>>> print(open('final_14.pdb').read())   # PDB, C-alpha atoms
ATOM      1  CA  MET A 436      -3.849 -12.581 -17.555  1.00  0.00           C
ATOM      2  CA  SER A 437      -5.729 -11.153 -14.618  1.00  0.00           C
ATOM      3  CA  PHE A 438      -4.393  -9.594 -11.432  1.00  0.00           C
ATOM      4  CA  ARG A 439      -5.626  -9.049  -7.887  1.00  0.00           C
ATOM      5  CA  ILE A 440      -4.921  -5.947  -5.791  1.00  0.00           C
ATOM      6  CA  THR A 441      -5.264  -6.121  -2.021  1.00  0.00           C
ATOM      7  CA  GLY A 442      -5.054  -3.651   0.827  1.00  0.00           C
ATOM      8  CA  LEU A 443      -3.713  -4.436   4.266  1.00  0.00           C
ATOM      9  CA  ALA A 444      -5.684  -6.392   6.854  1.00  0.00           C
ATOM     10  CA  ALA A 445      -7.095  -4.271   9.693  1.00  0.00           C
ATOM     11  CA  GLU A 446      -6.120  -6.697  12.467  1.00  0.00           C
ATOM     12  CA  PRO A 447      -2.524  -5.512  13.029  1.00  0.00           C
ATOM     13  CA  PHE A 448      -3.718  -1.922  13.473  1.00  0.00           C
ATOM     14  CA  ARG A 449      -6.907  -2.278  15.561  1.00  0.00           C
ATOM     15  CA  HIS A 450      -5.079  -1.980  18.878  1.00  0.00           C
ATOM     16  CA  LEU A 451      -4.127   1.584  17.854  1.00  0.00           C
ATOM     17  CA  TYR A 452      -7.678   2.761  17.133  1.00  0.00           C
ATOM     18  CA  GLY A 453      -8.878   5.177  19.793  1.00  0.00           C
ATOM     19  CA  LEU A 454      -5.594   5.559  21.662  1.00  0.00           C
ATOM     20  CA  SER A 455      -4.686   9.025  22.870  1.00  0.00           C
ATOM     21  CA  ASP A 456      -2.093  11.035  20.962  1.00  0.00           C
ATOM     22  CA  GLN A 457       0.332  10.438  23.840  1.00  0.00           C
ATOM     23  CA  GLU A 458      -0.214   6.662  23.775  1.00  0.00           C
ATOM     24  CA  LEU A 459       0.270   6.656  20.002  1.00  0.00           C
ATOM     25  CA  ALA A 460       3.478   8.676  20.289  1.00  0.00           C
ATOM     26  CA  LEU A 461       4.945   6.053  22.618  1.00  0.00           C
ATOM     27  CA  GLN A 462       4.548   3.584  19.749  1.00  0.00           C
ATOM     28  CA  GLY A 463       5.954   5.933  17.105  1.00  0.00           C
ATOM     29  CA  VAL A 464       2.509   6.649  15.618  1.00  0.00           C
ATOM     30  CA  LYS A 465       1.036  10.055  14.806  1.00  0.00           C
ATOM     31  CA  ARG A 466      -2.660  10.878  14.332  1.00  0.00           C
ATOM     32  CA  TYR A 467      -3.697  13.164  11.476  1.00  0.00           C
ATOM     33  CA  ILE A 468      -7.041  14.619  10.467  1.00  0.00           C
ATOM     34  CA  ALA A 469      -7.432  14.768   6.706  1.00  0.00           C
ATOM     35  CA  ASP A 470      -7.632  18.398   5.651  1.00  0.00           C
ATOM     36  CA  LYS A 471      -7.716  17.787   1.902  1.00  0.00           C
ATOM     37  CA  ARG A 472      -8.669  15.100  -0.566  1.00  0.00           C
ATOM     38  CA  PRO A 473      -6.661  13.547  -2.082  1.00  0.00           C
ATOM     39  CA  GLY A 474      -3.703  13.510   0.231  1.00  0.00           C
ATOM     40  CA  PHE A 475      -4.273  10.886   2.929  1.00  0.00           C
ATOM     41  CA  PRO A 476      -4.328   7.409   1.316  1.00  0.00           C
ATOM     42  CA  ASP A 477      -5.657   4.663   3.598  1.00  0.00           C
ATOM     43  CA  ARG A 478      -3.839   1.361   3.027  1.00  0.00           C
ATOM     44  CA  ILE A 479      -6.633  -0.894   4.280  1.00  0.00           C
ATOM     45  CA  GLU A 480      -9.605   0.299   2.241  1.00  0.00           C
ATOM     46  CA  MET A 481      -7.316   1.653  -0.532  1.00  0.00           C
ATOM     47  CA  ARG A 482      -9.011   5.035  -0.764  1.00  0.00           C
ATOM     48  CA  ASP A 483      -8.196   8.645  -0.030  1.00  0.00           C
ATOM     49  CA  ALA A 484      -9.665   9.702   3.286  1.00  0.00           C
ATOM     50  CA  SER A 485     -12.390  12.335   3.231  1.00  0.00           C
ATOM     51  CA  VAL A 486     -11.775  15.704   4.862  1.00  0.00           C
ATOM     52  CA  GLY A 487     -12.267  15.365   8.617  1.00  0.00           C
ATOM     53  CA  GLU A 488     -11.477  11.638   8.844  1.00  0.00           C
ATOM     54  CA  LYS A 489      -8.808  10.534  11.324  1.00  0.00           C
ATOM     55  CA  LEU A 490      -5.766   8.618  10.137  1.00  0.00           C
ATOM     56  CA  LEU A 491      -2.760   7.068  11.804  1.00  0.00           C
ATOM     57  CA  LEU A 492       0.689   7.523  10.288  1.00  0.00           C
ATOM     58  CA  LEU A 493       2.955   4.654  11.249  1.00  0.00           C
ATOM     59  CA  ASN A 494       5.866   2.583  10.086  1.00  0.00           C
ATOM     60  CA  HIS A 495       4.900  -0.664   8.372  1.00  0.00           C
ATOM     61  CA  VAL A 496       7.083  -3.577   7.282  1.00  0.00           C
ATOM     62  CA  CYS A 497       5.836  -3.953   3.725  1.00  0.00           C
ATOM     63  CA  GLN A 498       8.497  -6.419   2.566  1.00  0.00           C
ATOM     64  CA  PRO A 499       9.184  -8.862   5.409  1.00  0.00           C
ATOM     65  CA  ALA A 500      11.313 -11.298   3.352  1.00  0.00           C
ATOM     66  CA  ASN A 501      14.692 -12.071   4.882  1.00  0.00           C
ATOM     67  CA  THR A 502      16.563 -10.679   1.883  1.00  0.00           C
ATOM     68  CA  PRO A 503      18.430  -7.468   1.106  1.00  0.00           C
ATOM     69  CA  TYR A 504      15.047  -6.133  -0.084  1.00  0.00           C
ATOM     70  CA  ARG A 505      13.408  -6.307   3.350  1.00  0.00           C
ATOM     71  CA  ALA A 506      11.691  -2.923   3.692  1.00  0.00           C
ATOM     72  CA  SER A 507       9.492  -0.738   5.862  1.00  0.00           C
ATOM     73  CA  HIS A 508       8.129   2.749   5.389  1.00  0.00           C
ATOM     74  CA  ALA A 509       5.431   5.124   6.594  1.00  0.00           C
ATOM     75  CA  ILE A 510       1.788   4.442   5.707  1.00  0.00           C
ATOM     76  CA  PHE A 511      -1.566   5.953   6.583  1.00  0.00           C
ATOM     77  CA  VAL A 512      -4.312   3.795   8.079  1.00  0.00           C
ATOM     78  CA  ARG A 513      -7.756   5.315   8.511  1.00  0.00           C
ATOM     79  CA  GLU A 514      -8.692   5.007  12.158  1.00  0.00           C
ATOM     80  CA  GLY A 515     -11.533   2.506  12.324  1.00  0.00           C
ATOM     81  CA  ALA A 516     -10.944   1.011   8.848  1.00  0.00           C
ATOM     82  CA  GLU A 517     -12.013  -2.644   8.775  1.00  0.00           C
ATOM     83  CA  ASP A 518     -12.745  -3.858   5.238  1.00  0.00           C
ATOM     84  CA  ALA A 519      -9.549  -4.547   3.310  1.00  0.00           C
ATOM     85  CA  TYR A 520      -9.693  -3.741  -0.393  1.00  0.00           C
ATOM     86  CA  ASP A 521      -9.610  -6.964  -2.446  1.00  0.00           C
ATOM     87  CA  ARG A 522     -10.519  -6.828  -6.146  1.00  0.00           C
ATOM     88  CA  VAL A 523      -9.626  -8.778  -9.257  1.00  0.00           C
ATOM     89  CA  GLY A 524      -8.866  -6.804 -12.402  1.00  0.00           C
ATOM     90  CA  GLU A 525      -9.695  -3.443 -10.784  1.00  0.00           C
ATOM     91  CA  VAL A 526      -7.303  -0.644  -9.877  1.00  0.00           C
ATOM     92  CA  PRO A 527      -8.407   1.526  -6.950  1.00  0.00           C
ATOM     93  CA  GLU A 528      -8.632   5.263  -7.585  1.00  0.00           C
ATOM     94  CA  VAL A 529      -5.984   5.869  -4.898  1.00  0.00           C
ATOM     95  CA  MET A 530      -3.467   4.116  -7.188  1.00  0.00           C
ATOM     96  CA  ARG A 531      -4.921   5.360 -10.453  1.00  0.00           C
ATOM     97  CA  THR A 532      -4.264   9.022  -9.555  1.00  0.00           C
ATOM     98  CA  ARG A 533      -0.624   8.738  -8.448  1.00  0.00           C
ATOM     99  CA  LEU A 534       2.822   8.164  -9.885  1.00  0.00           C
ATOM    100  CA  LEU A 535       3.763   4.653  -8.767  1.00  0.00           C
ATOM    101  CA  SER A 536       6.894   2.603  -8.358  1.00  0.00           C
ATOM    102  CA  LEU A 537       6.122  -1.052  -9.109  1.00  0.00           C
ATOM    103  CA  ARG A 538       8.535  -3.689  -7.805  1.00  0.00           C
ATOM    104  CA  ALA A 539       8.343  -7.312  -8.943  1.00  0.00           C
ATOM    105  CA  TYR A 540       9.559 -10.030  -6.557  1.00  0.00           C
ATOM    106  CA  ASP A 541      10.170 -13.761  -6.788  1.00  0.00           C
ATOM    107  CA  ALA A 542       8.806 -16.224  -4.225  1.00  0.00           C
ATOM    108  CA  GLU A 543      11.855 -15.704  -1.962  1.00  0.00           C
ATOM    109  CA  GLY A 544      11.430 -11.924  -1.881  1.00  0.00           C
ATOM    110  CA  MET A 545      14.227 -11.004  -4.282  1.00  0.00           C
ATOM    111  CA  MET A 546      13.438  -8.100  -6.596  1.00  0.00           C
ATOM    112  CA  LEU A 547      13.446  -9.134 -10.246  1.00  0.00           C
ATOM    113  CA  ASP A 548      12.261  -5.956 -11.945  1.00  0.00           C
ATOM    114  CA  ALA A 549      10.997  -2.462 -11.219  1.00  0.00           C
ATOM    115  CA  ASP A 550       9.473   0.461 -13.073  1.00  0.00           C
ATOM    116  CA  VAL A 551       7.830   3.810 -12.488  1.00  0.00           C
ATOM    117  CA  VAL A 552       4.399   4.324 -14.049  1.00  0.00           C
ATOM    118  CA  ASP A 553       1.567   6.821 -14.054  1.00  0.00           C
ATOM    119  CA  GLY A 554      -1.289   5.108 -12.230  1.00  0.00           C
ATOM    120  CA  LYS A 555      -3.505   5.564 -15.302  1.00  0.00           C
ATOM    121  CA  ASP A 556      -1.236   3.089 -17.118  1.00  0.00           C
ATOM    122  CA  ILE A 557      -0.560   0.593 -14.324  1.00  0.00           C
ATOM    123  CA  GLU A 558      -2.081  -2.430 -16.076  1.00  0.00           C
ATOM    124  CA  SER A 559       0.544  -2.476 -18.841  1.00  0.00           C
ATOM    125  CA  VAL A 560       3.409  -2.752 -16.340  1.00  0.00           C
ATOM    126  CA  ILE A 561       1.595  -5.342 -14.212  1.00  0.00           C
ATOM    127  CA  LEU A 562       1.014  -7.516 -17.266  1.00  0.00           C
ATOM    128  CA  ARG A 563       4.599  -7.054 -18.481  1.00  0.00           C
ATOM    129  CA  PHE A 564       5.979  -8.151 -15.104  1.00  0.00           C
ATOM    130  CA  PHE A 565       3.685 -11.172 -14.877  1.00  0.00           C
ATOM    131  CA  VAL A 566       4.880 -12.449 -18.274  1.00  0.00           C
ATOM    132  CA  SER A 567       7.841 -13.817 -16.331  1.00  0.00           C
ATOM    133  CA  PRO A 568       6.918 -17.038 -14.520  1.00  0.00           C
ATOM    134  CA  HIS A 569       9.488 -16.106 -11.874  1.00  0.00           C
ATOM    135  CA  VAL A 570       7.528 -13.054 -10.672  1.00  0.00           C
ATOM    136  CA  ALA A 571       5.468 -14.157  -7.675  1.00  0.00           C
ATOM    137  CA  TYR A 572       4.011 -10.774  -6.656  1.00  0.00           C
ATOM    138  CA  ILE A 573       4.340  -7.024  -7.156  1.00  0.00           C
ATOM    139  CA  HIS A 574       4.443  -4.238  -4.602  1.00  0.00           C
ATOM    140  CA  ALA A 575       3.225  -0.770  -5.511  1.00  0.00           C
ATOM    141  CA  HIS A 576       4.671   2.283  -3.783  1.00  0.00           C
ATOM    142  CA  ASN A 577       3.898   5.953  -4.212  1.00  0.00           C
ATOM    143  CA  ALA A 578       6.883   7.090  -6.253  1.00  0.00           C
ATOM    144  CA  LYS A 579       7.176  10.555  -4.707  1.00  0.00           C
ATOM    145  CA  ARG A 580       7.124   9.758  -0.974  1.00  0.00           C
ATOM    146  CA  GLY A 581       7.944   6.063  -1.175  1.00  0.00           C
ATOM    147  CA  CYS A 582       4.954   4.886   0.878  1.00  0.00           C
ATOM    148  CA  TYR A 583       3.743   1.340   0.329  1.00  0.00           C
ATOM    149  CA  SER A 584       0.518   1.402  -1.672  1.00  0.00           C
ATOM    150  CA  GLY A 585      -0.610  -2.197  -2.121  1.00  0.00           C
ATOM    151  CA  ARG A 586       0.111  -5.739  -3.230  1.00  0.00           C
ATOM    152  CA  ILE A 587      -0.593  -7.148  -6.657  1.00  0.00           C
ATOM    153  CA  ASP A 588      -0.838 -10.903  -7.282  1.00  0.00           C
ATOM    154  CA  ARG A 589      -1.837 -13.067 -10.210  1.00  0.00           C
ATOM    155  CA  ALA A 590      -5.533 -13.900 -10.185  1.00  0.00           C
TER     156      ALA A 590
END
>>> encode(input="final_14.pdb", output="structure tokens")
Amino acid sequence: MSFRITGLAAEPFRHLYGLSDQELALQGVKRYIADKRPGFPDRIEMRDASVGEKLLLLNHVCQPANTPYRASHAIFVREGAEDAYDRVGEVPEVMRTRLLSLRAYDAEGMMLDADVVDGKDIESVILRFFVSPHVAYIHAHNAKRGCYSGRIDRA
């Protein structure tokens, strides 16, 4: 069974690109300049930002389902990022190098299963979750800080 990992679309964040720090603050957003790599994971391109790149830290509704599992959390978006990561059968390095919390949901957004996995071993948990025909999609989160990392679907 194959899987597909996708980053976030750029469209919901474009209006923030280029705003002043004061304008961002009014929207609850903070600009950072990456001062190390890894450490600033962009959720659109699904890569760690290079030193010197600008990122926006903002709250993102990662699980919009109208269930008890509705969720939002902080994410980084590289300022100017446009091309959303979208690959079948490939795990981006930004996931591969982190401890992840994987959460399996049904089509209504109810959590069916969850596990914590070293990113090097992510495929085994993805495949185990997708054995169940009731699992519609999986969300990956960074286990340490809880930030949304990406969506995993059947391919």
>>> residues_near_point(input="final_14.pdb", point="(-7.5, -11.9, -6.0)", cutoff="12 Å", atoms="all atoms listed in the file", output="ChimeraX atom specification")
/A:437-442,520-526,572,586-590
>>> residues_around(input="final_14.pdb", residues="stretch 544-546 of chain A", least_positions_apart="3", cutoff="8 Å", atoms="all atoms listed in the file", output="list in words")
Gln498, Ala500, Asn501, Thr502, Pro503, Tyr504, Arg505, Arg538, Ala539, Tyr540, Asp541 and Ala549 of chain A
>>> write_last_selection(input="final_14.pdb", atoms="C-alpha atoms", output="compact mmCIF listing (two decimals), in the frame of the given file")
# COMPACT_ATOMS: atom_id res chain seq x y z
CA GLN A 498 8.50 -6.42 2.57
CA ALA A 500 11.31 -11.30 3.35
CA ASN A 501 14.69 -12.07 4.88
CA THR A 502 16.56 -10.68 1.88
CA PRO A 503 18.43 -7.47 1.11
CA TYR A 504 15.05 -6.13 -0.08
CA ARG A 505 13.41 -6.31 3.35
CA ARG A 538 8.54 -3.69 -7.80
CA ALA A 539 8.34 -7.31 -8.94
CA TYR A 540 9.56 -10.03 -6.56
CA ASP A 541 10.17 -13.76 -6.79
CA ALA A 549 11.00 -2.46 -11.22
>>> residues_around(input="final_14.pdb", residues="A:Ala484", least_positions_apart="3", cutoff="7 Å", atoms="all atoms listed in the file", output="list of chain:residue names")
A:Ala469, A:Arg472, A:Phe475, A:Pro476, A:Asp477, A:Glu488
>>> atom_distance(input="final_14.pdb", atom1="atom CA of A:Cys582", atom2="atom CA of A:Pro527")
15.8 Å
>>> resolve_selection(input="final_14.pdb", expression="the PyMOL selection byres ((chain A and resi 576) around 10)", output="MDAnalysis selection string")
chainID A and resid 497 508 530 533:538 551 573:575 577:586
>>> closest_residue(input="final_14.pdb", among="A:Asp470, A:Glu543, A:Glu528, A:Asp483", to="A:Lys555", atoms="all atoms listed in the file")
A:Glu528
>>> resolve_selection(input="final_14.pdb", expression="the PyMOL selection byres ((chain A and resi 452-460) around 10)", output="PDB file with C-alpha atoms, keeping the file's coordinate frame")
ATOM      1  CA  PHE A 448      -3.718  -1.922  13.473  1.00  0.00           C
ATOM      2  CA  ARG A 449      -6.907  -2.278  15.561  1.00  0.00           C
ATOM      3  CA  HIS A 450      -5.079  -1.980  18.878  1.00  0.00           C
ATOM      4  CA  LEU A 451      -4.127   1.584  17.854  1.00  0.00           C
ATOM      5  CA  LEU A 461       4.945   6.053  22.618  1.00  0.00           C
ATOM      6  CA  GLN A 462       4.548   3.584  19.749  1.00  0.00           C
ATOM      7  CA  GLY A 463       5.954   5.933  17.105  1.00  0.00           C
ATOM      8  CA  VAL A 464       2.509   6.649  15.618  1.00  0.00           C
ATOM      9  CA  LYS A 465       1.036  10.055  14.806  1.00  0.00           C
ATOM     10  CA  ARG A 466      -2.660  10.878  14.332  1.00  0.00           C
ATOM     11  CA  TYR A 467      -3.697  13.164  11.476  1.00  0.00           C
ATOM     12  CA  LYS A 489      -8.808  10.534  11.324  1.00  0.00           C
ATOM     13  CA  LEU A 490      -5.766   8.618  10.137  1.00  0.00           C
ATOM     14  CA  LEU A 491      -2.760   7.068  11.804  1.00  0.00           C
ATOM     15  CA  LEU A 492       0.689   7.523  10.288  1.00  0.00           C
ATOM     16  CA  LEU A 493       2.955   4.654  11.249  1.00  0.00           C
ATOM     17  CA  VAL A 512      -4.312   3.795   8.079  1.00  0.00           C
ATOM     18  CA  ARG A 513      -7.756   5.315   8.511  1.00  0.00           C
ATOM     19  CA  GLU A 514      -8.692   5.007  12.158  1.00  0.00           C
ATOM     20  CA  GLY A 515     -11.533   2.506  12.324  1.00  0.00           C
ATOM     21  CA  ALA A 516     -10.944   1.011   8.848  1.00  0.00           C
TER      22      ALA A 516
END
>>> closest_residue(input="final_14.pdb", among="A:Gly487, A:Leu443, A:Arg531, A:Val570", to="A:Glu558", atoms="all atoms listed in the file")
A:Arg531
>>> closest_residue(input="final_14.pdb", among="A:Ala506, A:Ala519, A:Val529, A:Ala571", to="A:Ala542", atoms="all atoms listed in the file")
A:Ala571
>>> residues_around(input="final_14.pdb", residues="A:Glu517", least_positions_apart="3", cutoff="8 Å", atoms="only C-alpha atoms", output="list of chain:residue names")
A:Ala444, A:Ala445, A:Ile479, A:Glu480
>>> atom_distance(input="final_14.pdb", atom1="atom CA of A:Phe511", atom2="atom CA of A:Phe565")
28.0 Å
>>> atom_distance(input="final_14.pdb", atom1="atom CA of A:Lys471", atom2="atom CA of A:Val486")
5.4 Å
>>> axis_aligned_box(input="final_14.pdb", around="stretch 493-507 of chain A", padding_each_side="3 Å", output="lines of an AutoDock Vina configuration file")
center_x = 10.7
center_y = -3.7
center_z = 5.6
size_x = 21.5
size_y = 22.7
size_z = 17.3
>>> residues_near_point(input="final_14.pdb", point="(9.1, -4.0, -18.5)", cutoff="10 Å", atoms="all atoms listed in the file", output="list in words")
Asp548, Ala549, Asp550, Val551, Ser559, Val560, Ile561, Leu562, Arg563, Phe564, Phe565 and Val566 of chain A
